[in-house]
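Enquirer: One structure, pasted below without further comment.
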Amino acid sequence: MNIHEYQAKEIFRRFGIPTLPGRVATTAEEAQAVANDLPASPVTVLKAQIHAGGRGKGRFKEHPDLGGVKVLAERSLVGSTADLMLSSTLVTKQTGPEGKVVHQVYVEAGCAIAKEFYAAVTLDRRAQAPAIMVSPEGGMDIEEVAEKTPELIFTEVVDPRYGLHGFQARRLAKALGLRGKPLKAAADLLVKLVRCFLESDASLVEVNPLVLTEEDEVLALDAKIGLDDNGLPRHPDLAAYRDPNEMTSEEQKAKEHDLSYISLSGNVGCMVNGAGLAMATMDMIKHCGGEPANFLDVGGGATEERITAAFQIIVSDPDVKAILVNVFGGILLCDKLAAGIVSACRSLDLKVPLVVRLEGTNVEEGRRILEESGLEIQFAPSLKEAAERVVAAAGGAA
Amino acid sequence: MSVLIDKNTRLLLQGAGRAGQLHAKNSRAYCDTQLVGAVHPGKGGQTILGDVPVFDTVAEAVEAVAPTASMIFVPALGAADAIMEAVAADIPLVACITEGIPALDMARVVRFMEGRRTRLIGPNCPGIITPGEIKMGIMPGYIHRKGSVGIVSRSGTLTYEAVWQVTNAGLGQSTCIGIGGDPINGTNFVDCLELFRQDEQTKAVIMIGEIGGSAEEEAAAYIKETEYPKPVVSFIAGQTAPKGKRMGHAGAIIAGGKGTAAAKMAALRDAGVAVVEKPSDMAETLLRVLEERGIQA
């Protein structure tokens with residue numbers, strides 16, 4: 001789960017990670033009031049709160065001259081600028097062309113920056129442990145830095161039992177070219193960043209940029225946190241940060257029913273059990289000349305209610321011209337699934353052709369339930385035939 | 001021969017809740033599977049499935065019934081602890097079926113296991129089966145047939161697809177191992193390929209990967225460097241997956257342009273692996289490769 005910058009900064013403050021004074025606002029008036037309350041600063045910064053990077057270079061659809069991060073010399077302009085941002089759609093490199101509507105802005109007392117760095121904690125799959133990386137190339141697209149100048153990225157693997165050791169943190173701070181008081185301040189910040197990652201069950205903690213101010217302070221100018229969904233049940237305070245505005249209604253419904261769903265651009269709706277088989281089914285549809293409309297994994301414990309929800313999500317996409325159910329039951333029982341399909345088809349009055357491929361635990365009973373239901377279902381004996389039939393039913397390539 | 005488990009394996013169930021009991025029952029009904037006990041804190045002294053003794057701790061189970069392998073169905077937030085309990089009790093083989101374990105819990109488990117003798121399969125996996133002998137997991141037993149194809153996969157249900165194709169093609173499996181779809185797991189492709197290399201029963205291997213991480217690339221490098229002696233057929237799921245979207249498995253994501261199906265397929269092809277583009281072609285390709293290399297499987 002991703003959270004907003006202002007939420008990430010709230011978490012940072014709890015861990016003693018230095019940030020600038022600031023607060024979130026949902027209206028122009030509130031933004032101006034927040035600005036008026038902030039301590040004096042060289043500039044005031046207004047930042048659109050959406051779950052996507054590249055906000056500074058992004059542009060609002062409604063205001064092509066305005067980016068998602070605005071540095072204002074005059075504090076009196078905060079309200080009117082916030083007014084332009086709120087309810088407008090910001091398009092960045094990461095939002096896709098449709099962009100994202102801004103519902104909140106963050107108002108911050110900006111500082112005078114001497115130097116910008118990059119720092120991030122994430123999971124290093126090869127090391128099977130968290131790792132922290134820093135770069136003196138702050139404020140840049142870090143993937144670009146990694147590609148063009150990998151020697152400018154410095155990494156330390158973290159033992160999750162101890163966190164980042166002080167000496168590792170100092171090694172990184174040194175690699176950033178810091179010395180004296182800022183060296184120690186940066187090392188301290190990096191240790192806390194890793195503690196924040198470990199204690200929040202995060203999947204990513206990123207600070208871009210991490211800055212050295214002209215007053216020789218080191219602080220997190222930006223904050224991005226991604227949380228491991230599997231860890232959320234033990235962090236109810238962090239789970240409460242979920243922003244329903246950041247999900248489509250289908251994604252919300254999928255979330256409620258514990259379905260793994262991703263909307264795609266094709267016309268063949270898919271319902272599959274297991275992520276690997278779901279991906280393979282999408283691949284197979286493509287090889288047969290079709291385009292999948294979605295990725296949907298119903299998981300192992302599919303009840304009638306969940307199957308119905310899955311069908312509802314699939315048919316809510318107007319592009320879907322045919323549906324393929326591909327289930328190989330292991331932990332999921334085919335008879336339960338079949339009963340779910342029958343009840344879903346009846347309650348939804350399904351209009352598009354349905355192709356079903358069923359195999360696995362209790363398959364005989366499952367097939368019998370579907371056959372005796374009287375529903376118009378095309379049965380396919382194998383993955384290949386299932387994909388061929390559904391692509392034909394959807395009218396060929398999308 | 002087979003790898004990891006056979007008819008002599010003495011199986012323990014950790015987590016005797018509804019799902020654990022259901023699948024333990026199915027395992028027990030499969031061929032020669034010996035279910036010697038179960039561990040469920042608070043249920044010590046009871047029995048399940050008629051005559052299977054339940055213990056409060058793994059240590060007590062080890063003392064009383066000497067299990068050689070444990071399958072774990074403990075819910076996600078307790079599963080890491082259950083794995084460590086089995087490791088601390090020196091159970092040689094542990095398969096953790098549980099999905100949804102926080103990644104950092106697994107990072108800690110991996111450190112805990114350093115220097116210990118346990119091999120961990122999974123988590124978030126279907127388990128292991130040696131057809132005709134023992135089933136240690138949630139896979140449907142009937143699709144398998146005893147034979148000489150080793151199967152290793154990051155995905156559960158896609159493994160069943162491969163197994164079913166192999167069985168329908170008139171071949172069978174030596175052992176099938178689901179290594180799981182999480183970013184941190186106990187056993188990787190290279191470990192399994194090494195096990196299959198040393199197993200006389202295994203004549204060929206099907207390896208099923210998916211987008212995300214670099215486990216497939218590491219397997220390709222291993223196959224190439226060691227001039228792997230047995231034919232390997234591979235399918236990589238997620239050729240059509242968009243970048244930056246996590247496809248169900250915590251491990252299945254194309255991030256920063258890395259972990260694409262195309263890159264994995266290229267690395268495997270370069271190592272001499274027969275890479276199939278369509279998931280429906282796994283068994284067919286295997287048959288062709290076996291014929292080309294004159295191997296009786």
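Just remember, in the structure tokens the first chain shown is A, the second B, etc., residues are 1-based per chain, and ligands are 1-based in the order shown.
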List the spatial neighbours of range 75-84 of chain A as a compact mmCIF listing (two decimals) with N, CA and C atoms, in the first residue's frame - criterion: any atom at most 8 Å away, only C-alpha atoms, same-chain residues fewer than 5 positions off excluded.

Expert:
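Result file out14.txt:
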```
# COMPACT_ATOMS: atom_id res chain seq x y z
N THR A 27 -8.55 22.51 1.63
CA THR A 27 -9.19 23.64 0.94
C THR A 27 -8.17 24.77 0.82
N ALA A 28 -8.46 25.70 -0.07
CA ALA A 28 -7.57 26.84 -0.29
C ALA A 28 -7.44 27.68 0.99
N GLU A 29 -8.57 27.87 1.67
CA GLU A 29 -8.56 28.68 2.89
C GLU A 29 -7.68 28.03 3.95
N GLU A 30 -7.87 26.71 4.08
CA GLU A 30 -7.08 25.98 5.06
C GLU A 30 -5.59 26.06 4.72
N ALA A 31 -5.27 25.96 3.43
CA ALA A 31 -3.87 26.02 3.00
C ALA A 31 -3.26 27.37 3.37
N GLN A 32 -4.04 28.44 3.16
CA GLN A 32 -3.54 29.78 3.50
C GLN A 32 -3.36 29.91 5.02
N ALA A 35 -0.26 28.12 6.06
CA ALA A 35 0.91 28.92 5.67
C ALA A 35 1.14 30.06 6.65
N ASN A 36 0.05 30.73 7.06
CA ASN A 36 0.18 31.86 7.98
C ASN A 36 0.73 31.43 9.34
N VAL A 43 11.30 30.51 1.64
CA VAL A 43 10.24 30.29 0.66
C VAL A 43 9.16 29.43 1.31
N THR A 44 7.98 29.35 0.66
CA THR A 44 6.93 28.46 1.12
C THR A 44 6.63 27.50 -0.04
N LEU A 46 4.31 24.46 -1.83
CA LEU A 46 2.99 23.84 -1.91
C LEU A 46 3.14 22.57 -2.73
N HIS A 63 -4.31 23.49 -15.79
CA HIS A 63 -3.39 24.65 -15.70
C HIS A 63 -2.02 24.22 -16.21
N VAL A 105 -3.34 19.19 -0.41
CA VAL A 105 -2.03 19.81 -0.67
C VAL A 105 -1.26 19.88 0.64
```

Enquirer: What are the residues of chain B lining chain A at 7 Å or less? Count only C-alpha atoms, and put the answer as a VMD selection string.

Expert: chain B and resid 100 to 102 104 107 to 108 138 to 140 155 to 158 160 183 to 184 210 213 237 to 240 247 to 249 256 278 to 280

Enquirer: Can you pull out every residue within 10 Å of range 371-380 of chain A, counting only C-alpha atoms, but drop anything in the same chain fewer than 4 positions away, and send it as an NGL selection string?

Expert: :A and (324-326 or 338-339 or 341-343 or 345-346 or 350 or 352-358 or 365-367 or 384-390 or 393)

Enquirer: Which one is closest to Ala19 in chain B: B:Ile72, B:Leu35, B:Ser174, B:Ile253? Count only C-alpha atoms.

Expert: B:Ile72

Enquirer: Can you tell me which residues surround range 123-133 of chain B at a distance of at most 7 Å, considering only C-alpha atoms, apart from same-chain residues fewer than 6 positions away, and format the answer as a compact mmCIF listing (two decimals) with all heavy atoms, in the first residue's frame?

Expert:
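And here's around18.txt as it stands now:
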```txt
# COMPACT_ATOMS: atom_id res chain seq x y z
N SER B 2 14.03 -40.19 -5.55
CA SER B 2 13.28 -38.97 -5.82
C SER B 2 14.04 -37.91 -5.04
O SER B 2 15.09 -38.21 -4.49
CB SER B 2 11.85 -39.12 -5.29
OG SER B 2 11.89 -39.47 -3.93
N ILE B 5 11.55 -35.88 -0.51
CA ILE B 5 10.62 -36.73 0.25
C ILE B 5 10.33 -38.03 -0.49
O ILE B 5 10.37 -38.08 -1.73
CB ILE B 5 9.27 -36.01 0.54
CG1 ILE B 5 8.66 -35.44 -0.75
CG2 ILE B 5 9.44 -34.92 1.58
CD1 ILE B 5 7.26 -34.89 -0.57
N ASP B 6 10.07 -39.08 0.27
CA ASP B 6 9.66 -40.36 -0.32
C ASP B 6 8.77 -41.09 0.68
O ASP B 6 8.34 -40.52 1.69
CB ASP B 6 10.89 -41.21 -0.73
CG ASP B 6 11.79 -41.52 0.45
OD1 ASP B 6 11.29 -41.56 1.61
OD2 ASP B 6 13.00 -41.72 0.25
N LYS B 7 8.49 -42.37 0.41
CA LYS B 7 7.51 -43.08 1.24
C LYS B 7 7.98 -43.27 2.68
O LYS B 7 7.18 -43.57 3.56
CB LYS B 7 7.15 -44.43 0.60
CG LYS B 7 8.32 -45.38 0.39
CD LYS B 7 7.81 -46.65 -0.28
CE LYS B 7 8.88 -47.72 -0.38
NZ LYS B 7 10.10 -47.30 -1.13
N CYS B 31 -1.46 -42.31 -1.43
CA CYS B 31 -0.42 -43.34 -1.45
C CYS B 31 0.10 -43.68 -0.06
O CYS B 31 -0.67 -44.01 0.82
CB CYS B 31 0.71 -42.93 -2.40
SG CYS B 31 0.11 -42.74 -4.08
N ASP B 32 1.43 -43.59 0.13
CA ASP B 32 2.02 -44.06 1.39
C ASP B 32 2.32 -42.94 2.39
O ASP B 32 3.11 -43.12 3.30
CB ASP B 32 3.34 -44.79 1.09
CG ASP B 32 3.11 -45.98 0.17
OD1 ASP B 32 2.12 -46.69 0.37
OD2 ASP B 32 3.92 -46.17 -0.76
N THR B 33 1.72 -41.77 2.20
CA THR B 33 2.01 -40.64 3.09
C THR B 33 1.77 -41.02 4.55
O THR B 33 0.69 -41.49 4.91
CB THR B 33 1.15 -39.42 2.74
OG1 THR B 33 1.36 -39.09 1.37
CG2 THR B 33 1.49 -38.23 3.63
N ALA B 95 8.06 -27.38 4.71
CA ALA B 95 7.38 -26.71 3.59
C ALA B 95 6.31 -25.81 4.20
O ALA B 95 5.41 -26.28 4.89
CB ALA B 95 6.74 -27.73 2.66
N CYS B 96 6.45 -24.51 3.96
CA CYS B 96 5.49 -23.56 4.51
C CYS B 96 4.49 -23.17 3.42
O CYS B 96 4.85 -22.51 2.44
CB CYS B 96 6.19 -22.32 5.06
SG CYS B 96 5.03 -21.18 5.82
N ILE B 97 3.25 -23.61 3.59
CA ILE B 97 2.21 -23.37 2.60
C ILE B 97 1.62 -21.97 2.75
O ILE B 97 1.18 -21.36 1.78
CB ILE B 97 1.05 -24.41 2.79
CG1 ILE B 97 1.60 -25.83 2.91
CG2 ILE B 97 0.02 -24.30 1.68
CD1 ILE B 97 2.40 -26.33 1.76
N THR B 98 1.63 -21.45 3.95
CA THR B 98 1.01 -20.17 4.29
C THR B 98 1.38 -19.05 3.32
O THR B 98 2.55 -18.88 2.99
CB THR B 98 1.46 -19.73 5.70
OG1 THR B 98 1.22 -20.81 6.59
CG2 THR B 98 0.72 -18.48 6.15
N GLU B 99 0.38 -18.27 2.90
CA GLU B 99 0.67 -17.10 2.08
C GLU B 99 0.40 -15.84 2.88
O GLU B 99 -0.33 -15.86 3.86
CB GLU B 99 -0.11 -17.14 0.77
CG GLU B 99 -1.51 -16.56 0.80
CD GLU B 99 -2.13 -16.51 -0.61
OE1 GLU B 99 -1.90 -15.52 -1.33
OE2 GLU B 99 -2.85 -17.46 -0.94
N MET B 139 -1.55 -29.73 -3.35
CA MET B 139 -1.80 -30.02 -4.76
C MET B 139 -2.80 -31.18 -4.90
O MET B 139 -2.85 -32.06 -4.04
CB MET B 139 -0.50 -30.36 -5.49
CG MET B 139 0.25 -31.59 -4.99
SD MET B 139 0.96 -31.41 -3.33
CE MET B 139 2.43 -30.47 -3.66
N HIS B 144 -1.13 -36.33 -10.81
CA HIS B 144 0.27 -36.77 -10.87
C HIS B 144 0.40 -38.23 -11.27
O HIS B 144 -0.51 -39.03 -11.07
CB HIS B 144 0.95 -36.55 -9.52
CG HIS B 144 0.97 -35.12 -9.05
ND1 HIS B 144 -0.12 -34.55 -8.44
CD2 HIS B 144 1.92 -34.17 -9.12
CE1 HIS B 144 0.16 -33.29 -8.15
NE2 HIS B 144 1.40 -33.03 -8.56
N ARG B 145 1.56 -38.56 -11.78
CA ARG B 145 1.88 -39.94 -12.11
C ARG B 145 3.38 -40.13 -11.86
O ARG B 145 4.18 -39.26 -12.18
CB ARG B 145 1.58 -40.19 -13.58
CG ARG B 145 1.51 -41.67 -13.91
CD ARG B 145 0.93 -41.84 -15.28
NE ARG B 145 2.02 -42.11 -16.21
CZ ARG B 145 1.84 -42.45 -17.47
NH1 ARG B 145 0.63 -42.53 -17.97
NH2 ARG B 145 2.87 -42.70 -18.22
N LYS B 146 3.72 -41.25 -11.28
CA LYS B 146 5.13 -41.52 -11.00
C LYS B 146 5.93 -41.56 -12.30
O LYS B 146 5.48 -42.15 -13.28
CB LYS B 146 5.26 -42.86 -10.28
CG LYS B 146 6.63 -43.08 -9.63
CD LYS B 146 6.65 -44.39 -8.86
CE LYS B 146 7.97 -44.63 -8.19
NZ LYS B 146 8.18 -43.72 -7.05
N GLY B 156 1.88 -21.96 -7.75
CA GLY B 156 1.17 -23.18 -7.38
C GLY B 156 0.36 -23.77 -8.51
O GLY B 156 0.68 -24.82 -9.06
N GLN B 173 6.14 -37.75 -13.13
CA GLN B 173 7.03 -36.84 -12.40
C GLN B 173 7.82 -37.59 -11.33
O GLN B 173 7.30 -38.52 -10.70
CB GLN B 173 6.21 -35.73 -11.72
CG GLN B 173 5.27 -34.95 -12.65
CD GLN B 173 3.93 -35.64 -12.85
OE1 GLN B 173 3.45 -36.31 -11.96
NE2 GLN B 173 3.33 -35.50 -14.02
N SER B 174 9.07 -37.20 -11.14
CA SER B 174 9.87 -37.76 -10.04
C SER B 174 9.45 -37.06 -8.75
O SER B 174 8.91 -37.67 -7.84
CB SER B 174 11.36 -37.58 -10.32
OG SER B 174 11.67 -36.24 -10.63
N THR B 175 9.68 -35.75 -8.69
CA THR B 175 9.22 -34.94 -7.57
C THR B 175 8.84 -33.57 -8.12
O THR B 175 9.48 -33.08 -9.05
CB THR B 175 10.34 -34.78 -6.50
OG1 THR B 175 10.68 -36.08 -6.00
CG2 THR B 175 9.89 -33.91 -5.34
N CYS B 176 7.80 -32.97 -7.56
CA CYS B 176 7.40 -31.62 -7.95
C CYS B 176 7.55 -30.71 -6.74
O CYS B 176 7.02 -31.02 -5.67
CB CYS B 176 5.95 -31.57 -8.42
SG CYS B 176 5.58 -32.78 -9.68
N ILE B 177 8.26 -29.61 -6.92
CA ILE B 177 8.55 -28.69 -5.82
C ILE B 177 8.01 -27.31 -6.15
O ILE B 177 8.37 -26.72 -7.16
CB ILE B 177 10.07 -28.57 -5.58
CG1 ILE B 177 10.74 -29.95 -5.51
CG2 ILE B 177 10.35 -27.76 -4.31
CD1 ILE B 177 12.26 -29.88 -5.57
N GLY B 178 7.15 -26.79 -5.28
CA GLY B 178 6.70 -25.41 -5.43
C GLY B 178 7.53 -24.55 -4.51
O GLY B 178 7.45 -24.71 -3.29
N ILE B 179 8.36 -23.68 -5.07
CA ILE B 179 9.27 -22.89 -4.21
C ILE B 179 8.61 -21.61 -3.70
O ILE B 179 9.14 -20.94 -2.84
CB ILE B 179 10.61 -22.57 -4.89
CG1 ILE B 179 10.40 -21.79 -6.18
CG2 ILE B 179 11.39 -23.86 -5.14
CD1 ILE B 179 11.70 -21.31 -6.81
N GLY B 180 7.44 -21.27 -4.26
CA GLY B 180 6.68 -20.15 -3.72
C GLY B 180 6.86 -18.84 -4.45
O GLY B 180 7.87 -18.63 -5.12
N GLY B 181 5.88 -17.96 -4.29
CA GLY B 181 5.85 -16.72 -5.04
C GLY B 181 6.29 -15.48 -4.27
O GLY B 181 6.09 -14.37 -4.73
N ASP B 182 6.87 -15.66 -3.11
CA ASP B 182 7.28 -14.50 -2.31
C ASP B 182 8.69 -14.03 -2.68
O ASP B 182 9.48 -14.81 -3.19
CB ASP B 182 7.24 -14.85 -0.82
CG ASP B 182 5.82 -14.79 -0.27
OD1 ASP B 182 4.89 -14.50 -1.04
OD2 ASP B 182 5.65 -15.04 0.94
N ASN B 185 12.39 -16.51 -0.14
CA ASN B 185 11.98 -17.88 0.13
C ASN B 185 13.19 -18.71 0.55
O ASN B 185 14.33 -18.27 0.47
CB ASN B 185 11.24 -18.49 -1.07
CG ASN B 185 12.04 -18.43 -2.34
OD1 ASN B 185 13.25 -18.19 -2.34
ND2 ASN B 185 11.38 -18.66 -3.46
```

Enquirer: Write out as an MDAnalysis selection string all residues of range 76-279 of chain A that DSSP puts in alpha helix (DSSP H) for this structure's backbone.

Expert: chainID A and resid 78:85 142:148 166:175 180:199 236:239 249:256 275:279
